[in-house]
Every structure is written in C-alpha cells, then in structure tokens.
Amino acid sequence: MKNFKYFAQSYVDWVIRLGRLRFSLLGVMILAVLALCTQILFSLFIVHQISWVDIFRSVTFGLLTAPFVIYFFTLLVEKLEHSRIDLSSSVNRLENEVAERIAAQKKLSQALEKLEKNSRDKSTLLATISHELRTPLNGIVGLSQNLLDDELDDRQRNYLKTINISAVSLGYIFSDIIDLEKIDARRIELHRKETDFYALLNDISNFALLMAEEKRLEFHLNCPSTLPNWLMLDGVRLNQILWNLITNAVKFTQQGSVTLSVEQTADNEFAIRVTDTGIGIDEADLEKIFELYYQVNSNRNKSLGSGIGLSISKTIAQLMGGDLTVTSEIGRGSTFLLTFKAEEALPPSDENSKLPLKLNILLVEDIEVNVVVAKSLLEKLGYQIDVAMTGAQAIEKFEQNYYDLVFLDIQLPDM
C-alpha cells in the first residue's frame, strides 16, 4: 500500500512538472504508437492481414480524440493535486491553531492560578491589616469611652469626644475596606439576630449628634413610638450603612441640619431617610454616585472620601431585601432613602446569662492595649481580674486558682 502511494504520488509529481501541453503531446505520441501496434496485432491475429486503410482511420481518430482526453486527464490530476496541497496546508494551519490555542489555554490557566493566588494573598493581607489596625483602634475607643465616664471639664470632654468619634469612624472605614474585598469575592453575608431597634437608633443618634456638633449643625431624629422594639436583623450592617449616610450628610453640609427619619412602610418592611441641607448633588452625578470608587467633586469639597462607602452600603441594603436610593437638588440638600426587610422578634432570654455581682475572671490576652481596655471595663463591673499573657501562664494560673470565667484569646504567641 505504501509503495502504491509512493508511485502514485511520483506519477502525479511527474505530470505536474511536465505541464499540460508537454504531457498531452507526449501522451498523444505514446497512444499513437500503442494504437498502431495494437491495430496491427489485432489485424494479424483476427483477419490475418493488415488493412492499412483501417489502421490509418484508427490512428487518425485516435490522434484527433486523444489530445482532449489526455488534456482533461492532466487537468484533473492537477486539480486533485492542488486540492491535496490545499488540504495539507489547511491541516497544517489547523494543527498550528490547535497548538496555539493549547499554549494560550496553558497561559490562561497559569494567569488564573496567579490571579487566584493574588486574591488569596490580598484576602490574607487585608485580614492581617484589619486585625493589626483594629487592636490599637479598639484600645482608643475603649479607653476614651472609659474616660468620658469620668468627671472632666468641657475642654477635656470635647477632646475625648473627638478622639472617640475619630476612632469609631476609622473602624467603619476598616469595615468598608474589608467588605470591598468580600464583595469582589462575592462572600459578603448577613448575620441576623434579635436586635433592639430603638437602642440601635439611639446609638447612631448619639454618634450623629457628636459629629453635627463639631460643625455646629443641628441633628434631628424622627422616630415614631409605634415601631417594633425588637427586629431580626444584622444590626452591625445597618449601623454601617447609617454611619456612611450620616457621615456624608455632615461632610457636605456647611450650615443647617441633618435629619434621620424612620418609618414602617408595611409588615416587616422599613424605610430610613437621611436628609441634609447641604450643597446637594448634580443630576449628572446621581446616576453614578453608587458606583465603586466614584467621588463627587464640588468647589468646596473636592473628591472627599474613598468612593466605596455608598457602593458597599447599597450592596448591603440589597442583601437586606431593600435598596438605597437618592434624590437631590443643587443648593437644597440631599435625601438618601434606605429600605430593608426585617421580621419582628422577641427579646432574647437573659435567664441563663445573668452573672453574679462578684466573679473571679482570668483574662488571657497577649496584646497589652486589649488587656488595659478589657480589664478596666470588667473592673468597673466589680469583677476580680487576673491576667495571663501566654498560654503557659494561663494554664499555670488556672491550675493554681479558682475562676468563674475565662476570657480566652484564640491566637496566643506560644499555643
């Protein structure tokens, strides 16, 4: 089979090299000789004589018809050979394309692996930064709050309020940054639990009052007494949204007021409006204001903020079954409308959580600022506190003394 293909291909190559005209002339000569010899042989064997008239007639007919047959035969051979060459070229191109695609897929796979590794590294870095920054930040918040409970003159109290507000604000910024990474990875989620709705609004109101006082603005809370006292919701997330809205309202308001209004619009559906008398938002910016990293520019406040708070707040609002929208007019202020869904809940039972007035507590913590804050808070409640900075110290103290309660850090330097 291989020999046949070899000779066939050699024959085709020979025909192509000769060309149509030369091969046709050669073929006519060969056919004429063959026809003449064949005619003579047949005449001798069958008729036993040679008829030169018949031979002349046959040769003439052959010479007239053979060139056309040979020419078209040669043309067919050329067409078939060109088709074979084109097919071979197509196969080669296809093989090259397949090889290129395989190489491209390999590069893409490597790029995706690198991207996934970078994403994991970014998550780890953000988690580490968040932990490392929140530790001193919690110390500032806790200690400043403790000092605010003491007797202070007006100047000291104002300074401490500013420190406390700044630290709390920085904590919310950290939350936005962490949530930004979670949104990219589609891992942001809610943790609903029984939440004292009025207490939550009171806390955010106190925070808003302190912020408004710094700019000599008025703050109003419109909260009807008909609202459910307890709701099943993620209070931390709701607080995060309201902090973003109130911070922006105070930031872009030079004089006048900021108002927080709450209403129940239907069963398990609520609406909160944050209205200010600030500079307002241009109509062209209203469609883009919830886009990630978008910052509103103004003559007085140019590119303030990170451009992520409103985008994250809108995402959280949608996870809560609602939305976050805005209406505004230049020079007349803005109104942000937050809607969300939350079922009414019963207050959590505290029968099993009542602690005696006197407790011996072992606090296991390796970061000094956390020790200072936690110890001062617990001692204010009248508890006796022992501190261990390592796991080995904790085990030693626990074996030597009796404790009613242990506050244990989950990550110690030695175990």
# chains A, B, ... in the order shown; residues from 1 in each chain; ligands from 1
call {"tool": "select_by_dssp", "arguments": {"residues": "stretch 106-300 of chain A", "states": "strand (DSSP E or B)", "output": "ChimeraX atom specification"}}
result
/A:193-196,218-222,230-233,257-266,269-276,297
call {"tool": "residues_around", "arguments": {"residues": "A:Leu378", "least_positions_apart": "2", "cutoff": "12 Å", "atoms": "only C-alpha atoms", "output": "PyMOL selection string"}}
result
chain A and resi 142+146+357-363+371-376+380-387+405+407
call {"tool": "write_last_selection", "arguments": {"atoms": "N, CA, C and O atoms", "output": "mmCIF file, in the first residue's frame"}}
result
data_model
loop_
_atom_site.group_PDB
_atom_site.id
_atom_site.type_symbol
_atom_site.label_atom_id
_atom_site.label_comp_id
_atom_site.auth_asym_id
_atom_site.auth_seq_id
_atom_site.Cartn_x
_atom_site.Cartn_y
_atom_site.Cartn_z
ATOM 1 N N GLY A 142 -12.133 52.129 73.482
ATOM 2 C CA GLY A 142 -12.485 51.701 74.839
ATOM 3 C C GLY A 142 -11.999 52.652 75.905
ATOM 4 O O GLY A 142 -12.751 53.031 76.821
ATOM 5 N N ASN A 146 -14.119 55.056 78.413
ATOM 6 C CA ASN A 146 -13.966 54.971 79.872
ATOM 7 C C ASN A 146 -13.699 56.353 80.471
ATOM 8 O O ASN A 146 -14.256 56.722 81.505
ATOM 9 N N LEU A 357 -22.793 39.189 91.023
ATOM 10 C CA LEU A 357 -22.162 40.503 91.156
ATOM 11 C C LEU A 357 -20.653 40.386 91.295
ATOM 12 O O LEU A 357 -19.922 41.296 90.907
ATOM 13 N N LYS A 358 -20.173 39.299 91.861
ATOM 14 C CA LYS A 358 -18.737 39.128 92.073
ATOM 15 C C LYS A 358 -18.270 37.897 91.308
ATOM 16 O O LYS A 358 -18.778 36.799 91.511
ATOM 17 N N LEU A 359 -17.276 38.102 90.470
ATOM 18 C CA LEU A 359 -16.714 36.997 89.702
ATOM 19 C C LEU A 359 -15.199 37.098 89.707
ATOM 20 O O LEU A 359 -14.634 38.193 89.658
ATOM 21 N N ASN A 360 -14.558 35.940 89.806
ATOM 22 C CA ASN A 360 -13.123 35.857 89.566
ATOM 23 C C ASN A 360 -12.916 35.470 88.106
ATOM 24 O O ASN A 360 -13.343 34.392 87.675
ATOM 25 N N ILE A 361 -12.260 36.341 87.358
ATOM 26 C CA ILE A 361 -12.129 36.150 85.910
ATOM 27 C C ILE A 361 -10.658 36.090 85.523
ATOM 28 O O ILE A 361 -9.844 36.893 86.010
ATOM 29 N N LEU A 362 -10.337 35.126 84.678
ATOM 30 C CA LEU A 362 -8.999 35.032 84.114
ATOM 31 C C LEU A 362 -9.049 35.578 82.682
ATOM 32 O O LEU A 362 -9.768 35.046 81.833
ATOM 33 N N LEU A 363 -8.286 36.629 82.461
ATOM 34 C CA LEU A 363 -8.210 37.241 81.126
ATOM 35 C C LEU A 363 -6.905 36.807 80.464
ATOM 36 O O LEU A 363 -5.818 37.110 80.959
ATOM 37 N N VAL A 371 -5.554 44.226 76.907
ATOM 38 C CA VAL A 371 -5.597 43.917 78.339
ATOM 39 C C VAL A 371 -6.069 45.126 79.132
ATOM 40 O O VAL A 371 -6.939 45.019 80.012
ATOM 41 N N VAL A 372 -5.506 46.289 78.809
ATOM 42 C CA VAL A 372 -5.865 47.510 79.537
ATOM 43 C C VAL A 372 -7.348 47.817 79.390
ATOM 44 O O VAL A 372 -8.053 48.109 80.370
ATOM 45 N N VAL A 373 -7.854 47.746 78.133
ATOM 46 C CA VAL A 373 -9.262 48.070 77.881
ATOM 47 C C VAL A 373 -10.183 47.063 78.548
ATOM 48 O O VAL A 373 -11.120 47.421 79.283
ATOM 49 N N ALA A 374 -9.943 45.771 78.306
ATOM 50 C CA ALA A 374 -10.832 44.743 78.854
ATOM 51 C C ALA A 374 -10.805 44.745 80.385
ATOM 52 O O ALA A 374 -11.855 44.624 81.041
ATOM 53 N N LYS A 375 -9.616 44.880 80.944
ATOM 54 C CA LYS A 375 -9.501 44.847 82.402
ATOM 55 C C LYS A 375 -10.226 46.034 83.028
ATOM 56 O O LYS A 375 -10.940 45.892 84.034
ATOM 57 N N SER A 376 -10.079 47.218 82.442
ATOM 58 C CA SER A 376 -10.741 48.396 83.015
ATOM 59 C C SER A 376 -12.260 48.268 82.921
ATOM 60 O O SER A 376 -12.982 48.635 83.858
ATOM 61 N N LYS A 380 -14.718 47.833 86.267
ATOM 62 C CA LYS A 380 -15.812 48.776 86.527
ATOM 63 C C LYS A 380 -17.097 48.049 86.898
ATOM 64 O O LYS A 380 -17.960 48.592 87.594
ATOM 65 N N LEU A 381 -17.222 46.795 86.409
ATOM 66 C CA LEU A 381 -18.409 45.997 86.743
ATOM 67 C C LEU A 381 -18.259 45.298 88.091
ATOM 68 O O LEU A 381 -19.173 44.584 88.530
ATOM 69 N N GLY A 382 -17.112 45.479 88.722
ATOM 70 C CA GLY A 382 -16.915 44.936 90.066
ATOM 71 C C GLY A 382 -16.294 43.556 90.097
ATOM 72 O O GLY A 382 -16.350 42.875 91.129
ATOM 73 N N TYR A 383 -15.682 43.109 89.008
ATOM 74 C CA TYR A 383 -15.105 41.766 88.961
ATOM 75 C C TYR A 383 -13.627 41.796 89.315
ATOM 76 O O TYR A 383 -12.935 42.795 89.118
ATOM 77 N N GLN A 384 -13.137 40.652 89.840
ATOM 78 C CA GLN A 384 -11.732 40.477 90.161
ATOM 79 C C GLN A 384 -11.038 39.867 88.945
ATOM 80 O O GLN A 384 -11.426 38.801 88.458
ATOM 81 N N ILE A 385 -9.985 40.541 88.430
ATOM 82 C CA ILE A 385 -9.369 40.134 87.169
ATOM 83 C C ILE A 385 -7.929 39.696 87.396
ATOM 84 O O ILE A 385 -7.141 40.407 88.034
ATOM 85 N N ASP A 386 -7.578 38.513 86.883
ATOM 86 C CA ASP A 386 -6.197 38.071 86.740
ATOM 87 C C ASP A 386 -5.861 38.035 85.256
ATOM 88 O O ASP A 386 -6.727 37.704 84.421
ATOM 89 N N VAL A 387 -4.626 38.346 84.915
ATOM 90 C CA VAL A 387 -4.217 38.430 83.508
ATOM 91 C C VAL A 387 -3.091 37.450 83.228
ATOM 92 O O VAL A 387 -2.140 37.344 84.017
ATOM 93 N N LEU A 405 -14.864 32.419 85.352
ATOM 94 C CA LEU A 405 -14.971 32.692 83.923
ATOM 95 C C LEU A 405 -13.585 32.931 83.344
ATOM 96 O O LEU A 405 -12.725 33.510 84.008
ATOM 97 N N PHE A 407 -11.806 34.583 79.878
ATOM 98 C CA PHE A 407 -11.825 35.245 78.564
ATOM 99 C C PHE A 407 -10.535 34.852 77.856
ATOM 100 O O PHE A 407 -9.444 35.264 78.253
#
call {"tool": "residues_around", "arguments": {"residues": "A:Ile410", "least_positions_apart": "6", "cutoff": "12 Å", "atoms": "only C-alpha atoms", "output": "mmCIF file with N, CA, C and O atoms, in the first residue's frame"}}
result
data_model
loop_
_atom_site.group_PDB
_atom_site.id
_atom_site.type_symbol
_atom_site.label_atom_id
_atom_site.label_comp_id
_atom_site.auth_asym_id
_atom_site.auth_seq_id
_atom_site.Cartn_x
_atom_site.Cartn_y
_atom_site.Cartn_z
ATOM 1 N N LEU A 363 -8.286 36.629 82.461
ATOM 2 C CA LEU A 363 -8.210 37.241 81.126
ATOM 3 C C LEU A 363 -6.905 36.807 80.464
ATOM 4 O O LEU A 363 -5.818 37.110 80.959
ATOM 5 N N VAL A 364 -7.034 36.060 79.362
ATOM 6 C CA VAL A 364 -5.857 35.550 78.644
ATOM 7 C C VAL A 364 -5.740 36.339 77.342
ATOM 8 O O VAL A 364 -6.525 36.156 76.411
ATOM 9 N N GLU A 365 -4.740 37.223 77.284
ATOM 10 C CA GLU A 365 -4.593 38.126 76.133
ATOM 11 C C GLU A 365 -3.138 38.574 76.064
ATOM 12 O O GLU A 365 -2.550 38.949 77.080
ATOM 13 N N ASP A 366 -2.560 38.542 74.836
ATOM 14 C CA ASP A 366 -1.139 38.863 74.704
ATOM 15 C C ASP A 366 -0.888 40.287 74.208
ATOM 16 O O ASP A 366 0.271 40.692 74.095
ATOM 17 N N THR A 390 0.383 34.630 78.118
ATOM 18 C CA THR A 390 0.706 33.479 77.274
ATOM 19 C C THR A 390 -0.170 32.294 77.675
ATOM 20 O O THR A 390 -0.790 32.292 78.754
ATOM 21 N N GLY A 391 -0.157 31.293 76.820
ATOM 22 C CA GLY A 391 -0.913 30.089 77.151
ATOM 23 C C GLY A 391 -0.343 29.362 78.354
ATOM 24 O O GLY A 391 -1.096 28.825 79.182
#
call {"tool": "closest_residue", "arguments": {"among": "A:Lys114, A:Lys107, A:Lys314, A:Lys341", "to": "A:Ala271", "atoms": "only C-alpha atoms"}}
result
A:Lys341
call {"tool": "atom_distance", "arguments": {"atom1": "atom CA of A:Asp154", "atom2": "atom CA of A:Leu200"}}
result
26.8 Å
call {"tool": "select_by_dssp", "arguments": {"residues": "stretch 162-344 of chain A", "states": "alpha helix (DSSP H)", "output": "count of residues only"}}
result
73
call {"tool": "residues_around", "arguments": {"residues": "stretch 255-266 of chain A", "least_positions_apart": "2", "cutoff": "7 Å", "atoms": "only C-alpha atoms", "output": "list in words"}}
result
Leu217, Glu218, Phe219, His220, Leu221, Asn222, Cys223, Leu227, Ala249, Val250, Thr253, Asn268, Glu269, Phe270, Ala271, Ile272, Arg273, Val274, Thr275, Asp276 and Thr277 of chain A
call {"tool": "residues_around", "arguments": {"residues": "A:Leu148", "least_positions_apart": "4", "cutoff": "9 Å", "atoms": "only C-alpha atoms", "output": "JSON, numbers by chain"}}
result
{"A": [143, 144, 152, 156, 157, 160, 161]}
call {"tool": "residues_around", "arguments": {"residues": "A:Asp196", "least_positions_apart": "5", "cutoff": "12 Å", "atoms": "only C-alpha atoms", "output": "PyMOL selection string"}}
result
chain A and resi 201-203+227-236+344-348
call {"tool": "residues_around", "arguments": {"residues": "A:Asn138", "least_positions_apart": "4", "cutoff": "8 Å", "atoms": "only C-alpha atoms", "output": "ChimeraX atom specification"}}
result
/A:134,142,167,370
call {"tool": "decode", "arguments": {"residues": "stretch 357-387 of chain A", "atoms": "N, CA and C atoms", "output": "PDB file, in the first residue's frame"}}
result
ATOM      1  N   LEU A 357     -22.793  39.189  91.023  1.00  0.00           N
ATOM      2  CA  LEU A 357     -22.162  40.503  91.156  1.00  0.00           C
ATOM      3  C   LEU A 357     -20.653  40.386  91.295  1.00  0.00           C
ATOM      4  N   LYS A 358     -20.173  39.299  91.861  1.00  0.00           N
ATOM      5  CA  LYS A 358     -18.737  39.128  92.073  1.00  0.00           C
ATOM      6  C   LYS A 358     -18.270  37.897  91.308  1.00  0.00           C
ATOM      7  N   LEU A 359     -17.276  38.102  90.470  1.00  0.00           N
ATOM      8  CA  LEU A 359     -16.714  36.997  89.702  1.00  0.00           C
ATOM      9  C   LEU A 359     -15.199  37.098  89.707  1.00  0.00           C
ATOM     10  N   ASN A 360     -14.558  35.940  89.806  1.00  0.00           N
ATOM     11  CA  ASN A 360     -13.123  35.857  89.566  1.00  0.00           C
ATOM     12  C   ASN A 360     -12.916  35.470  88.106  1.00  0.00           C
ATOM     13  N   ILE A 361     -12.260  36.341  87.358  1.00  0.00           N
ATOM     14  CA  ILE A 361     -12.129  36.150  85.910  1.00  0.00           C
ATOM     15  C   ILE A 361     -10.658  36.090  85.523  1.00  0.00           C
ATOM     16  N   LEU A 362     -10.337  35.126  84.678  1.00  0.00           N
ATOM     17  CA  LEU A 362      -8.999  35.032  84.114  1.00  0.00           C
ATOM     18  C   LEU A 362      -9.049  35.578  82.682  1.00  0.00           C
ATOM     19  N   LEU A 363      -8.286  36.629  82.461  1.00  0.00           N
ATOM     20  CA  LEU A 363      -8.210  37.241  81.126  1.00  0.00           C
ATOM     21  C   LEU A 363      -6.905  36.807  80.464  1.00  0.00           C
ATOM     22  N   VAL A 364      -7.034  36.060  79.362  1.00  0.00           N
ATOM     23  CA  VAL A 364      -5.857  35.550  78.644  1.00  0.00           C
ATOM     24  C   VAL A 364      -5.740  36.339  77.342  1.00  0.00           C
ATOM     25  N   GLU A 365      -4.740  37.223  77.284  1.00  0.00           N
ATOM     26  CA  GLU A 365      -4.593  38.126  76.133  1.00  0.00           C
ATOM     27  C   GLU A 365      -3.138  38.574  76.064  1.00  0.00           C
ATOM     28  N   ASP A 366      -2.560  38.542  74.836  1.00  0.00           N
ATOM     29  CA  ASP A 366      -1.139  38.863  74.704  1.00  0.00           C
ATOM     30  C   ASP A 366      -0.888  40.287  74.208  1.00  0.00           C
ATOM     31  N   ILE A 367      -1.928  41.049  73.915  1.00  0.00           N
ATOM     32  CA  ILE A 367      -1.745  42.427  73.454  1.00  0.00           C
ATOM     33  C   ILE A 367      -2.101  43.370  74.595  1.00  0.00           C
ATOM     34  N   GLU A 368      -1.143  44.190  74.970  1.00  0.00           N
ATOM     35  CA  GLU A 368      -1.294  44.984  76.187  1.00  0.00           C
ATOM     36  C   GLU A 368      -2.466  45.957  76.131  1.00  0.00           C
ATOM     37  N   VAL A 369      -2.683  46.584  74.962  1.00  0.00           N
ATOM     38  CA  VAL A 369      -3.763  47.562  74.892  1.00  0.00           C
ATOM     39  C   VAL A 369      -5.115  46.878  75.082  1.00  0.00           C
ATOM     40  N   ASN A 370      -5.261  45.654  74.569  1.00  0.00           N
ATOM     41  CA  ASN A 370      -6.504  44.910  74.791  1.00  0.00           C
ATOM     42  C   ASN A 370      -6.668  44.549  76.262  1.00  0.00           C
ATOM     43  N   VAL A 371      -5.554  44.226  76.907  1.00  0.00           N
ATOM     44  CA  VAL A 371      -5.597  43.917  78.339  1.00  0.00           C
ATOM     45  C   VAL A 371      -6.069  45.126  79.132  1.00  0.00           C
ATOM     46  N   VAL A 372      -5.506  46.289  78.809  1.00  0.00           N
ATOM     47  CA  VAL A 372      -5.865  47.510  79.537  1.00  0.00           C
ATOM     48  C   VAL A 372      -7.348  47.817  79.390  1.00  0.00           C
ATOM     49  N   VAL A 373      -7.854  47.746  78.133  1.00  0.00           N
ATOM     50  CA  VAL A 373      -9.262  48.070  77.881  1.00  0.00           C
ATOM     51  C   VAL A 373     -10.183  47.063  78.548  1.00  0.00           C
ATOM     52  N   ALA A 374      -9.943  45.771  78.306  1.00  0.00           N
ATOM     53  CA  ALA A 374     -10.832  44.743  78.854  1.00  0.00           C
ATOM     54  C   ALA A 374     -10.805  44.745  80.385  1.00  0.00           C
ATOM     55  N   LYS A 375      -9.616  44.880  80.944  1.00  0.00           N
ATOM     56  CA  LYS A 375      -9.501  44.847  82.402  1.00  0.00           C
ATOM     57  C   LYS A 375     -10.226  46.034  83.028  1.00  0.00           C
ATOM     58  N   SER A 376     -10.079  47.218  82.442  1.00  0.00           N
ATOM     59  CA  SER A 376     -10.741  48.396  83.015  1.00  0.00           C
ATOM     60  C   SER A 376     -12.260  48.268  82.921  1.00  0.00           C
ATOM     61  N   LEU A 377     -12.761  47.742  81.806  1.00  0.00           N
ATOM     62  CA  LEU A 377     -14.211  47.573  81.666  1.00  0.00           C
ATOM     63  C   LEU A 377     -14.746  46.557  82.664  1.00  0.00           C
ATOM     64  N   LEU A 378     -14.043  45.444  82.823  1.00  0.00           N
ATOM     65  CA  LEU A 378     -14.518  44.399  83.737  1.00  0.00           C
ATOM     66  C   LEU A 378     -14.410  44.841  85.192  1.00  0.00           C
ATOM     67  N   GLU A 379     -13.347  45.556  85.523  1.00  0.00           N
ATOM     68  CA  GLU A 379     -13.205  46.027  86.909  1.00  0.00           C
ATOM     69  C   GLU A 379     -14.261  47.059  87.253  1.00  0.00           C
ATOM     70  N   LYS A 380     -14.718  47.833  86.267  1.00  0.00           N
ATOM     71  CA  LYS A 380     -15.812  48.776  86.527  1.00  0.00           C
ATOM     72  C   LYS A 380     -17.097  48.049  86.898  1.00  0.00           C
ATOM     73  N   LEU A 381     -17.222  46.795  86.409  1.00  0.00           N
ATOM     74  CA  LEU A 381     -18.409  45.997  86.743  1.00  0.00           C
ATOM     75  C   LEU A 381     -18.259  45.298  88.091  1.00  0.00           C
ATOM     76  N   GLY A 382     -17.112  45.479  88.722  1.00  0.00           N
ATOM     77  CA  GLY A 382     -16.915  44.936  90.066  1.00  0.00           C
ATOM     78  C   GLY A 382     -16.294  43.556  90.097  1.00  0.00           C
ATOM     79  N   TYR A 383     -15.682  43.109  89.008  1.00  0.00           N
ATOM     80  CA  TYR A 383     -15.105  41.766  88.961  1.00  0.00           C
ATOM     81  C   TYR A 383     -13.627  41.796  89.315  1.00  0.00           C
ATOM     82  N   GLN A 384     -13.137  40.652  89.840  1.00  0.00           N
ATOM     83  CA  GLN A 384     -11.732  40.477  90.161  1.00  0.00           C
ATOM     84  C   GLN A 384     -11.038  39.867  88.945  1.00  0.00           C
ATOM     85  N   ILE A 385      -9.985  40.541  88.430  1.00  0.00           N
ATOM     86  CA  ILE A 385      -9.369  40.134  87.169  1.00  0.00           C
ATOM     87  C   ILE A 385      -7.929  39.696  87.396  1.00  0.00           C
ATOM     88  N   ASP A 386      -7.578  38.513  86.883  1.00  0.00           N
ATOM     89  CA  ASP A 386      -6.197  38.071  86.740  1.00  0.00           C
ATOM     90  C   ASP A 386      -5.861  38.035  85.256  1.00  0.00           C
ATOM     91  N   VAL A 387      -4.626  38.346  84.915  1.00  0.00           N
ATOM     92  CA  VAL A 387      -4.217  38.430  83.508  1.00  0.00           C
ATOM     93  C   VAL A 387      -3.091  37.450  83.228  1.00  0.00           C
TER      94      VAL A 387
END
